[in-house]
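**Student:** Got structure35.cif for you, mmCIF, N, CA and C atoms:
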```
data_structure
#
loop_
_atom_site.label_atom_id
_atom_site.label_comp_id
_atom_site.auth_asym_id
_atom_site.auth_seq_id
_atom_site.Cartn_x
_atom_site.Cartn_y
_atom_site.Cartn_z
N ASN A 149 8.15 7.90 -7.60
CA ASN A 149 8.93 7.74 -6.37
C ASN A 149 8.85 9.01 -5.52
N ARG A 150 7.82 9.78 -5.68
CA ARG A 150 7.69 11.02 -4.90
C ARG A 150 7.49 10.76 -3.42
N TYR A 151 7.12 9.53 -3.05
CA TYR A 151 6.90 9.21 -1.64
C TYR A 151 8.11 8.56 -0.99
N GLY A 152 9.18 8.37 -1.75
CA GLY A 152 10.39 7.78 -1.19
C GLY A 152 10.25 6.29 -0.91
N VAL A 153 9.40 5.63 -1.64
CA VAL A 153 9.16 4.20 -1.44
C VAL A 153 10.14 3.41 -2.30
N PRO A 154 10.79 2.39 -1.76
CA PRO A 154 11.71 1.59 -2.56
C PRO A 154 10.99 0.93 -3.74
N GLN A 155 11.65 0.88 -4.86
CA GLN A 155 11.05 0.32 -6.06
C GLN A 155 10.72 -1.17 -5.87
N GLU A 156 11.46 -1.84 -5.02
CA GLU A 156 11.22 -3.26 -4.78
C GLU A 156 9.83 -3.53 -4.20
N LEU A 157 9.24 -2.51 -3.61
CA LEU A 157 7.91 -2.67 -3.04
C LEU A 157 6.87 -3.01 -4.09
N GLU A 158 7.17 -2.69 -5.34
CA GLU A 158 6.21 -2.99 -6.39
C GLU A 158 5.99 -4.50 -6.53
N TYR A 159 6.94 -5.31 -6.08
CA TYR A 159 6.76 -6.75 -6.16
C TYR A 159 5.70 -7.25 -5.18
N LEU A 160 5.39 -6.46 -4.19
CA LEU A 160 4.35 -6.82 -3.25
C LEU A 160 2.99 -6.95 -3.93
N VAL A 161 2.78 -6.19 -4.98
CA VAL A 161 1.50 -6.25 -5.70
C VAL A 161 1.30 -7.63 -6.33
N ILE A 162 2.37 -8.32 -6.64
CA ILE A 162 2.25 -9.69 -7.17
C ILE A 162 1.64 -10.59 -6.11
N ILE A 163 2.09 -10.43 -4.88
CA ILE A 163 1.58 -11.24 -3.77
C ILE A 163 0.14 -10.85 -3.45
N GLU A 164 -0.13 -9.56 -3.45
CA GLU A 164 -1.46 -9.08 -3.06
C GLU A 164 -2.54 -9.46 -4.05
N SER A 165 -2.27 -9.30 -5.36
CA SER A 165 -3.36 -9.46 -6.34
C SER A 165 -2.95 -10.13 -7.65
N ALA A 166 -1.71 -10.55 -7.77
CA ALA A 166 -1.22 -11.12 -9.03
C ALA A 166 -1.44 -10.14 -10.20
N PHE A 167 -1.27 -8.85 -9.92
CA PHE A 167 -1.44 -7.78 -10.92
C PHE A 167 -2.86 -7.73 -11.51
N ASN A 168 -3.83 -8.19 -10.77
CA ASN A 168 -5.22 -8.14 -11.23
C ASN A 168 -5.92 -6.97 -10.54
N PRO A 169 -6.18 -5.88 -11.26
CA PRO A 169 -6.81 -4.71 -10.62
C PRO A 169 -8.24 -4.97 -10.17
N GLN A 170 -8.86 -6.07 -10.62
CA GLN A 170 -10.22 -6.40 -10.21
C GLN A 170 -10.26 -7.46 -9.10
N ALA A 171 -9.11 -7.76 -8.51
CA ALA A 171 -9.04 -8.79 -7.47
C ALA A 171 -9.85 -8.38 -6.25
N THR A 172 -10.51 -9.36 -5.67
CA THR A 172 -11.23 -9.16 -4.41
C THR A 172 -10.92 -10.32 -3.48
N SER A 173 -11.04 -10.07 -2.20
CA SER A 173 -10.80 -11.13 -1.22
C SER A 173 -12.09 -11.51 -0.52
N ARG A 174 -12.07 -12.62 0.17
CA ARG A 174 -13.25 -13.07 0.92
C ARG A 174 -13.65 -12.11 2.02
N VAL A 175 -12.69 -11.32 2.51
CA VAL A 175 -12.97 -10.43 3.64
C VAL A 175 -13.25 -8.99 3.21
N GLY A 176 -13.26 -8.72 1.91
CA GLY A 176 -13.65 -7.40 1.44
C GLY A 176 -12.54 -6.52 0.91
N ALA A 177 -11.31 -7.01 0.91
CA ALA A 177 -10.22 -6.23 0.33
C ALA A 177 -10.38 -6.24 -1.19
N ALA A 178 -9.95 -5.15 -1.85
CA ALA A 178 -10.18 -5.05 -3.28
C ALA A 178 -9.05 -4.31 -3.99
N GLY A 179 -8.88 -4.65 -5.27
CA GLY A 179 -7.92 -3.96 -6.12
C GLY A 179 -6.52 -4.54 -6.09
N LEU A 180 -5.63 -3.85 -6.81
CA LEU A 180 -4.23 -4.30 -6.90
C LEU A 180 -3.59 -4.47 -5.53
N TRP A 181 -3.85 -3.52 -4.66
CA TRP A 181 -3.18 -3.50 -3.36
C TRP A 181 -4.04 -4.06 -2.24
N GLN A 182 -5.22 -4.57 -2.57
CA GLN A 182 -6.10 -5.22 -1.61
C GLN A 182 -6.39 -4.33 -0.40
N PHE A 183 -6.84 -3.12 -0.67
CA PHE A 183 -7.23 -2.21 0.40
C PHE A 183 -8.58 -2.60 0.97
N MET A 184 -8.68 -2.60 2.27
CA MET A 184 -9.97 -2.74 2.94
C MET A 184 -10.68 -1.39 2.87
N TYR A 185 -11.98 -1.40 3.08
CA TYR A 185 -12.81 -0.20 2.95
C TYR A 185 -12.28 0.96 3.79
N GLN A 186 -12.10 0.75 5.09
CA GLN A 186 -11.67 1.84 5.98
C GLN A 186 -10.27 2.34 5.65
N THR A 187 -9.37 1.44 5.28
CA THR A 187 -8.01 1.85 4.92
C THR A 187 -8.04 2.69 3.64
N ALA A 188 -8.87 2.29 2.69
CA ALA A 188 -9.00 3.05 1.44
C ALA A 188 -9.49 4.47 1.73
N LEU A 189 -10.45 4.60 2.61
CA LEU A 189 -10.93 5.94 2.96
C LEU A 189 -9.85 6.76 3.65
N LYS A 190 -9.06 6.11 4.48
CA LYS A 190 -7.96 6.80 5.18
C LYS A 190 -6.97 7.42 4.19
N TYR A 191 -6.76 6.75 3.07
CA TYR A 191 -5.82 7.25 2.06
C TYR A 191 -6.54 7.93 0.89
N ASN A 192 -7.72 8.46 1.18
CA ASN A 192 -8.48 9.32 0.27
C ASN A 192 -8.88 8.65 -1.05
N LEU A 193 -9.13 7.37 -1.01
CA LEU A 193 -9.69 6.70 -2.18
C LEU A 193 -11.21 6.85 -2.11
N ASP A 194 -11.80 7.27 -3.21
CA ASP A 194 -13.26 7.46 -3.26
C ASP A 194 -13.95 6.11 -3.40
N ILE A 195 -14.94 5.90 -2.54
CA ILE A 195 -15.76 4.69 -2.63
C ILE A 195 -17.21 5.12 -2.42
N ASP A 196 -18.02 4.90 -3.44
CA ASP A 196 -19.45 5.14 -3.32
C ASP A 196 -20.17 4.17 -4.24
N SER A 197 -21.45 4.39 -4.48
CA SER A 197 -22.22 3.44 -5.29
C SER A 197 -21.83 3.46 -6.77
N TYR A 198 -21.07 4.49 -7.20
CA TYR A 198 -20.66 4.59 -8.60
C TYR A 198 -19.17 4.32 -8.83
N VAL A 199 -18.37 4.66 -7.85
CA VAL A 199 -16.91 4.60 -8.02
C VAL A 199 -16.29 3.87 -6.83
N ASP A 200 -15.32 3.03 -7.13
CA ASP A 200 -14.51 2.42 -6.08
C ASP A 200 -13.06 2.50 -6.55
N GLU A 201 -12.35 3.51 -6.04
CA GLU A 201 -10.97 3.74 -6.51
C GLU A 201 -9.99 2.68 -6.06
N ARG A 202 -10.40 1.75 -5.23
CA ARG A 202 -9.51 0.63 -4.92
C ARG A 202 -9.19 -0.15 -6.19
N TYR A 203 -10.10 -0.11 -7.17
CA TYR A 203 -9.91 -0.81 -8.44
C TYR A 203 -9.17 0.04 -9.46
N ASP A 204 -8.90 1.29 -9.17
CA ASP A 204 -8.19 2.19 -10.08
C ASP A 204 -6.68 2.01 -9.85
N PRO A 205 -5.95 1.51 -10.85
CA PRO A 205 -4.52 1.25 -10.65
C PRO A 205 -3.72 2.48 -10.23
N ILE A 206 -4.01 3.63 -10.80
CA ILE A 206 -3.24 4.83 -10.47
C ILE A 206 -3.56 5.32 -9.07
N ALA A 207 -4.84 5.45 -8.76
CA ALA A 207 -5.24 5.94 -7.44
C ALA A 207 -4.81 4.98 -6.33
N SER A 208 -4.95 3.67 -6.57
CA SER A 208 -4.59 2.71 -5.52
C SER A 208 -3.07 2.63 -5.33
N CYS A 209 -2.31 2.80 -6.41
CA CYS A 209 -0.84 2.82 -6.26
C CYS A 209 -0.38 4.04 -5.48
N ARG A 210 -1.03 5.17 -5.73
CA ARG A 210 -0.71 6.38 -4.95
C ARG A 210 -1.00 6.14 -3.47
N ALA A 211 -2.14 5.55 -3.19
CA ALA A 211 -2.51 5.27 -1.80
C ALA A 211 -1.56 4.26 -1.17
N ALA A 212 -1.17 3.25 -1.93
CA ALA A 212 -0.22 2.24 -1.41
C ALA A 212 1.13 2.88 -1.09
N ALA A 213 1.57 3.81 -1.93
CA ALA A 213 2.84 4.51 -1.68
C ALA A 213 2.73 5.37 -0.42
N GLN A 214 1.60 6.02 -0.24
CA GLN A 214 1.40 6.82 0.98
C GLN A 214 1.40 5.92 2.21
N GLN A 215 0.75 4.77 2.10
CA GLN A 215 0.72 3.85 3.24
C GLN A 215 2.12 3.31 3.53
N ALA A 216 2.88 2.98 2.50
CA ALA A 216 4.24 2.49 2.70
C ALA A 216 5.11 3.56 3.34
N GLU A 217 4.93 4.79 2.92
CA GLU A 217 5.68 5.90 3.52
C GLU A 217 5.36 6.02 5.00
N TRP A 218 4.08 5.92 5.34
CA TRP A 218 3.66 6.00 6.75
C TRP A 218 4.23 4.83 7.54
N LEU A 219 4.15 3.62 6.99
CA LEU A 219 4.67 2.44 7.69
C LEU A 219 6.17 2.53 7.91
N SER A 220 6.90 3.02 6.91
CA SER A 220 8.35 3.12 7.08
C SER A 220 8.69 4.13 8.16
N GLY A 221 7.90 5.17 8.28
CA GLY A 221 8.10 6.14 9.36
C GLY A 221 7.86 5.54 10.72
N CYS A 222 6.95 4.57 10.79
CA CYS A 222 6.66 3.91 12.06
C CYS A 222 7.72 2.90 12.44
N PHE A 223 8.16 2.11 11.46
CA PHE A 223 9.03 0.97 11.77
C PHE A 223 10.51 1.23 11.57
N LEU A 224 10.88 2.22 10.79
CA LEU A 224 12.30 2.50 10.59
C LEU A 224 13.02 2.83 11.89
N PRO A 225 12.44 3.67 12.76
CA PRO A 225 13.13 3.92 14.04
C PRO A 225 13.31 2.66 14.87
N LEU A 226 12.39 1.73 14.77
CA LEU A 226 12.51 0.48 15.51
C LEU A 226 13.59 -0.42 14.94
N SER A 227 13.84 -0.30 13.65
CA SER A 227 14.83 -1.17 13.02
C SER A 227 16.25 -0.61 13.10
N GLN A 228 16.40 0.65 13.42
CA GLN A 228 17.74 1.25 13.46
C GLN A 228 18.70 0.54 14.41
N PRO A 229 18.31 0.18 15.64
CA PRO A 229 19.25 -0.54 16.50
C PRO A 229 19.70 -1.86 15.91
N ALA A 230 18.79 -2.60 15.27
CA ALA A 230 19.17 -3.87 14.66
C ALA A 230 20.15 -3.65 13.51
N ILE A 231 19.92 -2.62 12.72
CA ILE A 231 20.83 -2.32 11.60
C ILE A 231 22.21 -1.97 12.14
N MET A 232 22.26 -1.20 13.21
CA MET A 232 23.57 -0.81 13.79
C MET A 232 24.29 -2.04 14.33
N LEU A 233 23.59 -2.97 14.96
CA LEU A 233 24.22 -4.18 15.46
C LEU A 233 24.77 -5.03 14.33
N LEU A 234 24.02 -5.15 13.25
CA LEU A 234 24.49 -5.93 12.11
C LEU A 234 25.72 -5.32 11.48
N GLN A 235 25.79 -4.00 11.45
CA GLN A 235 26.94 -3.33 10.87
C GLN A 235 28.19 -3.52 11.73
N GLN A 236 28.02 -3.69 13.03
CA GLN A 236 29.16 -3.90 13.93
C GLN A 236 29.67 -5.32 13.89
N ALA A 237 28.84 -6.25 13.50
CA ALA A 237 29.22 -7.67 13.52
C ALA A 237 30.18 -8.02 12.42
#
```
Would you mind giving the structure from this file in structure tokens?
**Tutor:**
Amino acid sequence: NRYGVPQELEYLVIIESAFNPQATSRVGAAGLWQFMYQTALKYNLDIDSYVDERYDPIASCRAAAQQAEWLSGCFLPLSQPAIMLLQQA
């Protein structure tokens, strides 16, 4: 939890790959978290002719946590007004 990601996010991996680290999609996503090639590179996953860290459970989970941290930073400020309205209701 070093990235501050809610533990409930781990259930997303069930939707993404059914906990199959060798899962692949028709469009090229791969691994537990179904990272596309460019997204995997953005989060420092190594991909070459010998290694594809999208299939590595530890490396891909680290990258997924970093991506979740980035996404929460983007969308949390947008959700704050809605949260405040719900609290007033």
**Student:** Figure out the distance between atom C of Ala171 (chain A) and atom N of Arg150 (chain A), please, to one decimal in Å.
**Tutor:** 25.3 Å
**Student:** Run through the PyMOL selection byres (((chain A and resi 167 and name CA) around 12) and name CA) on the given coordinates and return the selected residues as a list in words.
**Tutor:**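 This file, filtered by the PyMOL selection byres (((chain A and resi 167 and name CA) around 12) and name CA), leaves Glu158, Tyr159, Leu160, Val161, Ile162, Ile163, Glu164, Ser165, Ala166, Asn168, Pro169, Gln170, Ala171, Thr172, Ala178, Gly179, Leu180, Trp181, Gln182, Tyr203, Pro205 and Cys209 of chain A.
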**Student:** Please provide the set of residues having any atom within 12 Å of Ser220 (chain A), restricted to only C-alpha atoms, with same-chain residues fewer than 6 positions apart removed, written as a list of chain:residue names.
**Tutor:** A:Tyr151, A:Gly152, A:Val153, A:Pro154, A:Leu157, A:Ala213, A:Gln214, A:Leu226, A:Ser227, A:Gln228
**Student:** Among chain A, which residues carry a DSSP assignment of strand (DSSP E or B), reported as a list in words?
**Tutor:**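 Restricting chain A to strand (DSSP E or B) produces Thr172, Ala178, Phe183, Ile195 and Asp200 of chain A.
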**Student:** When you draw a straight line from CA of Val175 (chain A) to atom N of Glu156 (chain A), how long is it in Å?
**Tutor:**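 CA of Val175 (chain A) sits 27.3 Å away from atom N of Glu156 (chain A).
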**Student:** Have a look at A:Tyr191, A:Tyr185, A:Trp218, A:Tyr198 and name the one nearest to Ser173 (chain A); count only C-alpha atoms.
**Tutor:**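 Among A:Tyr191, A:Tyr185, A:Trp218, A:Tyr198, it is A:Tyr185 that comes nearest to Ser173 (chain A).
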**Student:** Could you state the separation of atom N of Gln155 (chain A) and CA of Ile206 (chain A) in Å, given to one decimal place?
**Tutor:**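 Atom N of Gln155 (chain A) sits 16.4 Å away from CA of Ile206 (chain A).
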**Student:** Here is a test: counting all atoms listed in the file, which residue of A:Ala216, A:Met232, A:Ala188, A:Cys222 is nearest to Arg202 (chain A)?
**Tutor:**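 Nearest to Arg202 (chain A): A:Ala188.
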**Student:** Box time for region 190-198 of chain A: axis-aligned, enclosing all its listed atoms, 4 Å extra on each side; report centre and edge lengths in Å to one decimal, as JSON.
**Tutor:**
```
{"center_x": -14.0, "center_y": 6.4, "center_z": -1.8, "size_x": 24.4, "size_y": 13.9, "size_z": 22.0}
```
